[in-house]
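> Handing over query_20.tsv, TSV, C-alpha atoms and all ligand atoms.
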chain	number	residue	atom	x	y	z
O	1	MET	CA	150.52	-4.00	27.22
O	2	SER	CA	151.69	-0.61	28.38
O	3	LEU	CA	151.61	2.05	25.68
O	4	LEU	CA	155.24	2.90	26.47
O	5	HIS	CA	156.28	-0.66	25.66
O	6	THR	CA	155.35	-0.03	22.03
O	7	ALA	CA	158.17	2.50	21.67
O	8	PHE	CA	160.33	2.26	18.57
O	9	PHE	CA	163.15	4.45	17.30
O	10	TYR	CA	161.69	7.09	14.98
O	11	SER	CA	164.35	9.66	14.14
O	12	SER	CA	167.39	11.60	15.28
O	13	ALA	CA	167.95	15.31	14.81
O	14	TYR	CA	171.06	17.35	15.33
O	15	LYS	CA	169.17	20.63	15.17
O	16	THR	CA	165.55	21.46	15.95
O	17	ASN	CA	164.78	22.23	12.28
O	18	GLN	CA	165.30	18.53	11.48
O	19	LEU	CA	162.44	17.39	13.73
O	20	PRO	CA	159.18	15.89	12.38
O	21	ILE	CA	156.28	18.27	11.81
O	22	GLU	CA	154.40	19.28	14.93
O	23	GLY	CA	151.05	17.96	16.08
O	24	ILE	CA	151.63	14.72	18.01
O	25	PRO	CA	152.18	15.02	21.79
O	26	GLU	CA	155.80	14.83	22.87
O	27	ILE	CA	157.15	13.97	26.29
O	28	CYS	CA	160.55	15.48	26.67
O	29	PHE	CA	163.29	13.95	28.83
O	30	LEU	CA	165.77	16.44	30.18
O	31	GLY	CA	168.72	16.08	32.48
O	32	ARG	CA	172.41	16.45	33.00
O	33	SER	CA	174.63	14.05	31.19
O	34	ASN	CA	174.86	10.91	33.36
O	35	SER	CA	171.65	11.69	35.28
O	36	GLY	CA	170.18	8.35	34.15
O	37	LYS	CA	168.05	9.46	31.20
O	38	SER	CA	168.82	6.59	28.83
O	39	SER	CA	168.45	4.01	31.60
O	40	ALA	CA	165.06	5.46	32.59
O	41	ILE	CA	163.79	5.47	28.99
O	42	ASN	CA	164.98	1.89	28.45
O	43	LEU	CA	163.26	0.78	31.62
O	44	ILE	CA	159.86	2.39	31.10
O	45	THR	CA	159.77	1.23	27.47
O	46	ASN	CA	160.96	-2.25	28.49
O	47	LYS	CA	163.64	-2.15	25.77
O	48	LYS	CA	167.18	-2.87	26.82
O	49	LYS	CA	168.91	-0.70	24.25
O	50	LEU	CA	166.34	1.72	22.89
O	51	ALA	CA	168.10	4.76	24.28
O	52	PHE	CA	171.83	4.40	24.37
O	53	SER	CA	173.12	4.09	27.94
O	54	SER	CA	176.78	4.33	28.65
O	55	LYS	CA	179.28	4.70	31.41
O	56	THR	CA	180.99	7.39	29.31
O	57	PRO	CA	178.95	10.55	29.83
O	58	GLY	CA	177.97	12.58	26.81
O	59	ARG	CA	177.70	10.07	24.01
O	60	THR	CA	174.19	11.07	23.01
O	61	ARG	CA	174.34	14.49	21.42
O	62	LEU	CA	171.30	14.21	19.22
O	63	ILE	CA	167.59	14.72	19.79
O	64	ASN	CA	166.31	11.14	19.62
O	65	MET	CA	162.61	10.53	19.11
O	66	PHE	CA	160.86	7.29	20.01
O	67	ALA	CA	157.35	6.81	18.66
O	68	LEU	CA	154.38	5.18	20.41
O	69	LYS	CA	151.35	3.48	18.89
O	70	GLN	CA	148.20	2.12	20.54
O	71	ASN	CA	147.94	-0.66	17.95
O	72	ILE	CA	150.25	-1.95	15.26
O	73	ASN	CA	148.04	-0.52	12.53
O	74	SER	CA	147.19	2.79	14.20
O	75	ASP	CA	148.89	6.14	13.74
O	76	ILE	CA	151.65	7.32	16.04
O	77	CYS	CA	149.98	8.79	19.15
O	78	GLY	CA	153.01	10.18	20.95
O	79	TYR	CA	156.76	10.55	21.10
O	80	LEU	CA	159.26	10.16	23.90
O	81	VAL	CA	162.02	12.65	23.18
O	82	ASP	CA	165.52	12.07	24.53
O	83	LEU	CA	167.29	15.42	24.49
O	84	PRO	CA	171.09	15.63	24.67
O	85	GLY	CA	172.35	15.67	28.23
O	86	TYR	CA	173.90	18.92	29.41
O	87	GLY	CA	176.70	19.89	31.74
O	88	TYR	CA	179.45	17.69	30.31
O	89	SER	CA	182.79	18.31	31.89
O	90	ASN	CA	184.75	16.83	28.98
O	91	LEU	CA	183.32	18.75	26.02
O	92	PRO	CA	184.89	21.84	24.47
O	93	ASN	CA	183.01	24.97	25.54
O	94	SER	CA	181.79	25.73	22.02
O	95	GLU	CA	180.23	22.28	21.64
O	96	GLN	CA	178.73	22.51	25.10
O	97	LYS	CA	177.17	25.87	24.16
O	98	ASN	CA	175.77	24.46	20.90
O	99	LEU	CA	174.06	21.64	22.80
O	100	GLU	CA	172.58	24.07	25.28
O	101	ILE	CA	171.27	26.26	22.44
O	102	THR	CA	169.62	23.22	20.78
O	103	ILE	CA	167.97	22.19	24.07
O	104	ILE	CA	166.76	25.72	24.85
O	105	ASN	CA	165.47	26.16	21.31
O	106	TYR	CA	163.50	22.91	21.50
O	107	ILE	CA	162.03	23.68	24.94
O	108	GLN	CA	160.93	27.17	24.04
O	109	ASN	CA	159.63	26.69	20.52
O	110	ARG	CA	158.26	23.18	20.27
O	111	LYS	CA	154.51	23.51	20.72
O	112	SER	CA	153.94	19.73	20.59
O	113	ILE	CA	155.56	19.27	24.00
O	114	ARG	CA	152.90	17.93	26.39
O	115	GLY	CA	155.18	17.46	29.34
O	116	PHE	CA	158.71	17.58	30.63
O	117	ILE	CA	160.42	14.85	32.61
O	118	LEU	CA	163.39	16.41	34.37
O	119	LEU	CA	165.86	13.92	35.80
O	120	LEU	CA	167.93	14.89	38.82
O	121	ASP	CA	170.53	12.51	40.25
O	122	ILE	CA	169.40	12.48	43.89
O	123	ARG	CA	173.01	12.71	45.07
O	124	ARG	CA	173.67	15.86	43.04
O	125	GLY	CA	170.40	17.70	43.51
O	126	ILE	CA	169.61	20.79	41.43
O	127	THR	CA	172.52	22.32	39.54
O	128	ASN	CA	172.57	25.83	38.06
O	129	LEU	CA	171.74	24.54	34.59
O	130	ASP	CA	168.80	22.51	35.92
O	131	ARG	CA	167.49	25.62	37.62
O	132	TYR	CA	168.01	27.68	34.48
O	133	LEU	CA	165.96	25.16	32.45
O	134	ILE	CA	163.19	25.01	35.07
O	135	ASP	CA	162.98	28.81	34.83
O	136	LEU	CA	162.56	28.48	31.06
O	137	ILE	CA	159.89	25.78	31.42
O	138	GLU	CA	157.80	27.55	34.08
O	139	PRO	CA	156.19	30.27	31.95
O	140	LEU	CA	155.21	27.70	29.30
O	141	ASN	CA	152.58	26.25	31.70
O	142	LYS	CA	153.25	22.66	30.69
O	143	ASN	CA	153.30	19.53	32.82
O	144	LEU	CA	156.47	18.89	34.78
O	145	ILE	CA	157.53	15.63	36.39
O	146	ILE	CA	160.78	15.53	38.32
O	147	LEU	CA	162.46	12.14	38.60
O	148	LEU	CA	164.92	11.82	41.45
O	149	THR	CA	167.17	9.16	39.97
O	150	LYS	CA	169.58	6.58	41.39
O	151	VAL	CA	167.79	6.48	44.75
O	152	ASP	CA	169.33	3.03	45.26
O	153	LYS	CA	172.65	4.79	45.92
O	154	LEU	CA	171.39	6.16	49.26
O	155	ASN	CA	170.38	4.34	52.41
O	156	ARG	CA	166.91	4.94	53.80
O	157	GLU	CA	167.98	7.69	56.20
O	158	GLN	CA	170.03	9.58	53.61
O	159	PHE	CA	167.20	9.15	51.10
O	160	ILE	CA	164.58	10.70	53.38
O	161	LYS	CA	166.77	13.66	54.28
O	162	THR	CA	168.07	14.30	50.75
O	163	LYS	CA	164.60	14.06	49.21
O	164	LYS	CA	163.27	16.58	51.73
O	165	ASP	CA	166.17	18.98	51.00
O	166	ILE	CA	165.65	18.74	47.24
O	167	GLU	CA	161.90	19.26	47.58
O	168	GLN	CA	162.61	22.37	49.62
O	169	ASN	CA	165.01	23.58	46.93
O	170	LEU	CA	162.29	23.01	44.34
O	171	SER	CA	159.78	25.17	46.19
O	172	PHE	CA	160.63	28.14	43.94
O	173	ILE	CA	158.55	26.41	41.23
O	174	LYS	CA	155.12	28.04	41.19
O	175	ASN	CA	153.15	25.67	38.93
O	176	PRO	CA	152.08	22.23	40.19
O	177	PHE	CA	154.57	19.46	39.48
O	178	GLU	CA	155.11	15.86	40.47
O	179	VAL	CA	158.21	14.38	42.12
O	180	ILE	CA	158.88	10.65	41.65
O	181	SER	CA	161.71	8.72	43.30
O	182	PHE	CA	163.30	6.49	40.69
O	183	SER	CA	165.90	3.77	40.33
O	184	ALA	CA	166.61	1.97	37.08
O	185	THR	CA	168.81	-0.52	38.93
O	186	LYS	CA	166.25	-1.41	41.61
O	187	LYS	CA	163.22	-0.77	39.39
O	188	ILE	CA	161.74	1.83	41.71
O	189	GLY	CA	159.14	4.35	40.50
O	190	ILE	CA	158.40	2.69	37.16
O	191	THR	CA	154.65	2.30	37.58
O	192	GLU	CA	154.21	5.88	38.79
O	193	THR	CA	156.32	7.27	35.96
O	194	THR	CA	154.59	5.15	33.33
O	195	THR	CA	151.10	6.03	34.55
O	196	SER	CA	151.85	9.75	34.60
O	197	ILE	CA	153.39	9.77	31.12
O	198	GLU	CA	150.58	7.70	29.60
O	199	LYS	CA	148.01	10.05	31.11
O	200	LEU	CA	149.76	13.03	29.54
O	201	ILE	CA	149.88	11.42	26.11
O	202	LEU	CA	146.36	10.01	26.05
O	203	ASN	CA	144.58	12.99	27.57
O	204	ASN	CA	142.44	14.21	24.70
O	205	LYS	CA	143.17	17.88	25.09
O	206	GLU	CA	143.91	19.34	21.66
O	207	LEU	CA	147.40	20.65	21.16
O	208	ILE	CA	147.42	24.39	20.69
O	209	LEU	CA	149.74	24.92	17.76
T	301	LIG	N1	173.01	2.85	40.71
T	301	LIG	C1	172.34	3.29	39.66
T	301	LIG	N2	173.00	3.63	38.53
T	301	LIG	C2	172.29	4.10	37.48
T	301	LIG	C3	170.88	4.27	37.54
T	301	LIG	N3	170.46	4.79	36.36
T	301	LIG	C4	171.57	4.92	35.60
T	301	LIG	N4	172.68	4.51	36.26
T	301	LIG	C5	174.07	4.50	35.75
T	301	LIG	O1	174.48	5.85	35.55
T	301	LIG	C6	175.24	5.97	34.35
T	301	LIG	C7	174.58	6.96	33.39
T	301	LIG	O2	173.32	6.46	33.01
T	301	LIG	P1	172.65	6.86	31.62
T	301	LIG	O3	171.29	6.26	31.64
T	301	LIG	O4	173.53	6.53	30.46
T	301	LIG	O5	172.56	8.45	31.81
T	301	LIG	P2	172.29	9.62	30.73
T	301	LIG	O6	173.63	10.16	30.36
T	301	LIG	O7	171.48	10.62	31.49
T	301	LIG	O8	171.54	9.02	29.58
T	301	LIG	C8	175.35	4.55	33.77
T	301	LIG	O9	176.57	3.99	34.21
T	301	LIG	C9	174.16	3.83	34.38
T	301	LIG	O10	174.38	2.45	34.51
T	301	LIG	C10	170.20	3.90	38.75
T	301	LIG	O11	168.99	3.99	38.92
T	301	LIG	N5	170.99	3.44	39.78
T	302	MG	MG	171.83	9.14	27.54
Let me see the file written as structure tokens.
Ligand SMILES: Nc1nc2c(ncn2[C@@H]2O[C@H](COP(=O)(O)OP(=O)(O)O)[C@@H](O)[C@H]2O)c(=O)[nH]1
Ligand SMILES: [Mg+2]


Amino acid sequence: MSLLHTAFFYSSAYKTNQLPIEGIPEICFLGRSNSGKSSAINLITNKKKLAFSSKTPGRTRLINMFALKQNINSDICGYLVDLPGYGYSNLPNSEQKNLEITIINYIQNRKSIRGFILLLDIRRGITNLDRYLIDLIEPLNKNLIILLTKVDKLNREQFIKTKKDIEQNLSFIKNPFEVISFSATKKIGITETTTSIEKLILNNKELIL
């Protein structure tokens, strides 16, 4: 069984000071509200409702942690972390700002982060906030995987052109990173995503705390 299929809900935090103590590798899912984060987490963990997915953008405003175990009796070996989505159009500015502060705080200070999975809706490409977060992630020298989501929404021709354009727009990123085309609806990119995440979690490199 895939390690990711062992995922179970561990805890929710409203602020970063409510998170579990550091030390276990965390894979952090980032993306605009509605970019397909919950759907992607549900799919790779093979759990229909692990992460809440909704047609109403912006329902998940907490940091949700899902724990992984290699065996039922073993210790937790990793967490998938679902951060609040950003860029809501229907939230008051102050609440929007608070969410952004929580996300930035987590990204910059959480040493347990092994890798970032940044989701970009292929039809929207990179927004200013995505770019801002990539600029924050870059100097941390951590692994970055970019999931181009909802690729089922484009036909083959549009897909090829749009992917090329986005990759060009991502060329400002200096560190190596991986781009995976993904669709929760058509189940595209699951094996690649799963393999990459499992490698990050199980790689024996000690966390530098
Ligand atoms: N066509 C299509 N729709 C998707 C895909 N992934 C998510 N969605 C839809 O996009 C909306 C937002 O998805 P959700 O996973 O809740 O996004 P989140 O806000 O980033 O967690 C929902 O209506 C999903 O059904 C996909 O791969 N293809
Ligand atoms: Mg969500």

> I want to know what sits within 7 Å of Glu22 (chain O), based on all atoms listed in the file, with residues of the same chain fewer than 2 positions away left out; could you give that as a list in words?

Pro20, Ile24 and Ser112 of chain O

> Filtering to C-alpha atoms, could you give me those residues as a CSV table (one decimal), keeping the file's coordinate frame?


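part-v6.csv, written as the output of this step:
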chain,number,residue,atom,x,y,z
O,20,PRO,CA,159.2,15.9,12.4
O,24,ILE,CA,151.6,14.7,18.0
O,112,SER,CA,153.9,19.7,20.6

> Dump the neighbourhood of ligand LIG 301 (chain T) as a ChimeraX atom specification: all residues within 7 Å, distances computed on all atoms listed in the file.

/O:31-40,52-55,57-58,85,149-153,182-186

> Name the residues in contact with Leu202 (chain O) at a cut-off of 10 Å, using only C-alpha atoms, excluding same-chain residues fewer than 2 positions from it; report them as an MDAnalysis selection string.

chainID O and resid 3 25 70 77:78 197:200 204:205

> Nearest to Ile180 (chain O) among O:Leu119, O:Leu154, O:Tyr132, O:Gln168, with distances taken over all atoms listed in the file: which residue is it?

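Comparing O:Leu119, O:Leu154, O:Tyr132, O:Gln168 against Ile180 (chain O), the winner is O:Leu119.
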
> Contacts of Glu178 (chain O) at 10 Å or less, counting all atoms listed in the file, minus same-chain residues fewer than 5 places along, as a PyMOL selection string?

chain O and resi 117+143-147+193+196

> Which distance in Å separates CA of Asn128 (chain O) and CA of Lys174 (chain O), to one decimal?

17.9 Å

> Do you know which residues are at most 10 Å from Leu50 (chain O) counting only C-alpha atoms, after dropping those on the same chain fewer than 3 positions away, and could you put them as a ChimeraX atom specification?

/O:7-9,38-39,41-43,45-47,53,64,66

> Between O:Ile21, O:Ile160, O:Leu83, O:Leu4, which has the minimum distance to ligand MG 302 (chain T) (counting all atoms listed in the file)?

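The closest residue to ligand MG 302 (chain T) is O:Leu83.
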
> Could you tell me which of O:Gly23, O:Pro84, O:Pro139, O:Gly125 comes closest to ligand MG 302 (chain T) if we count only C-alpha atoms and all ligand atoms?

O:Pro84

> Pick from O:Ser171, O:Lys49, O:Ser94, O:Lys187: nearest to ligand MG 302 (chain T), with only C-alpha atoms and all ligand atoms counted?

O:Lys49

> Counting all atoms listed in the file, which of O:Tyr86, O:Tyr79, O:Phe29, O:Tyr106 gets nearest to Tyr14 (chain O)?

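Going through O:Tyr86, O:Tyr79, O:Phe29, O:Tyr106 one by one, the smallest distance to Tyr14 (chain O) is for O:Tyr106.
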
> Using all atoms listed in the file for the distances, tell me which of O:Ile134, O:Leu62, O:Lys69, O:Leu129 is nearest to ligand MG 302 (chain T).

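Distance minimum relative to ligand MG 302 (chain T) lands on O:Leu62.
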
> Kindly give the distance, in Å, that separates CA of Asn175 (chain O) and CA of Leu99 (chain O), rounded to a single decimal.

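Value for the CA of Asn175 (chain O)-CA of Leu99 (chain O) distance: 26.7 Å.
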
> Mind pulling up the distance from CA of Thr194 (chain O) to CA of Lys15 (chain O)?

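Computing it gives 28.0 Å between the two atoms.
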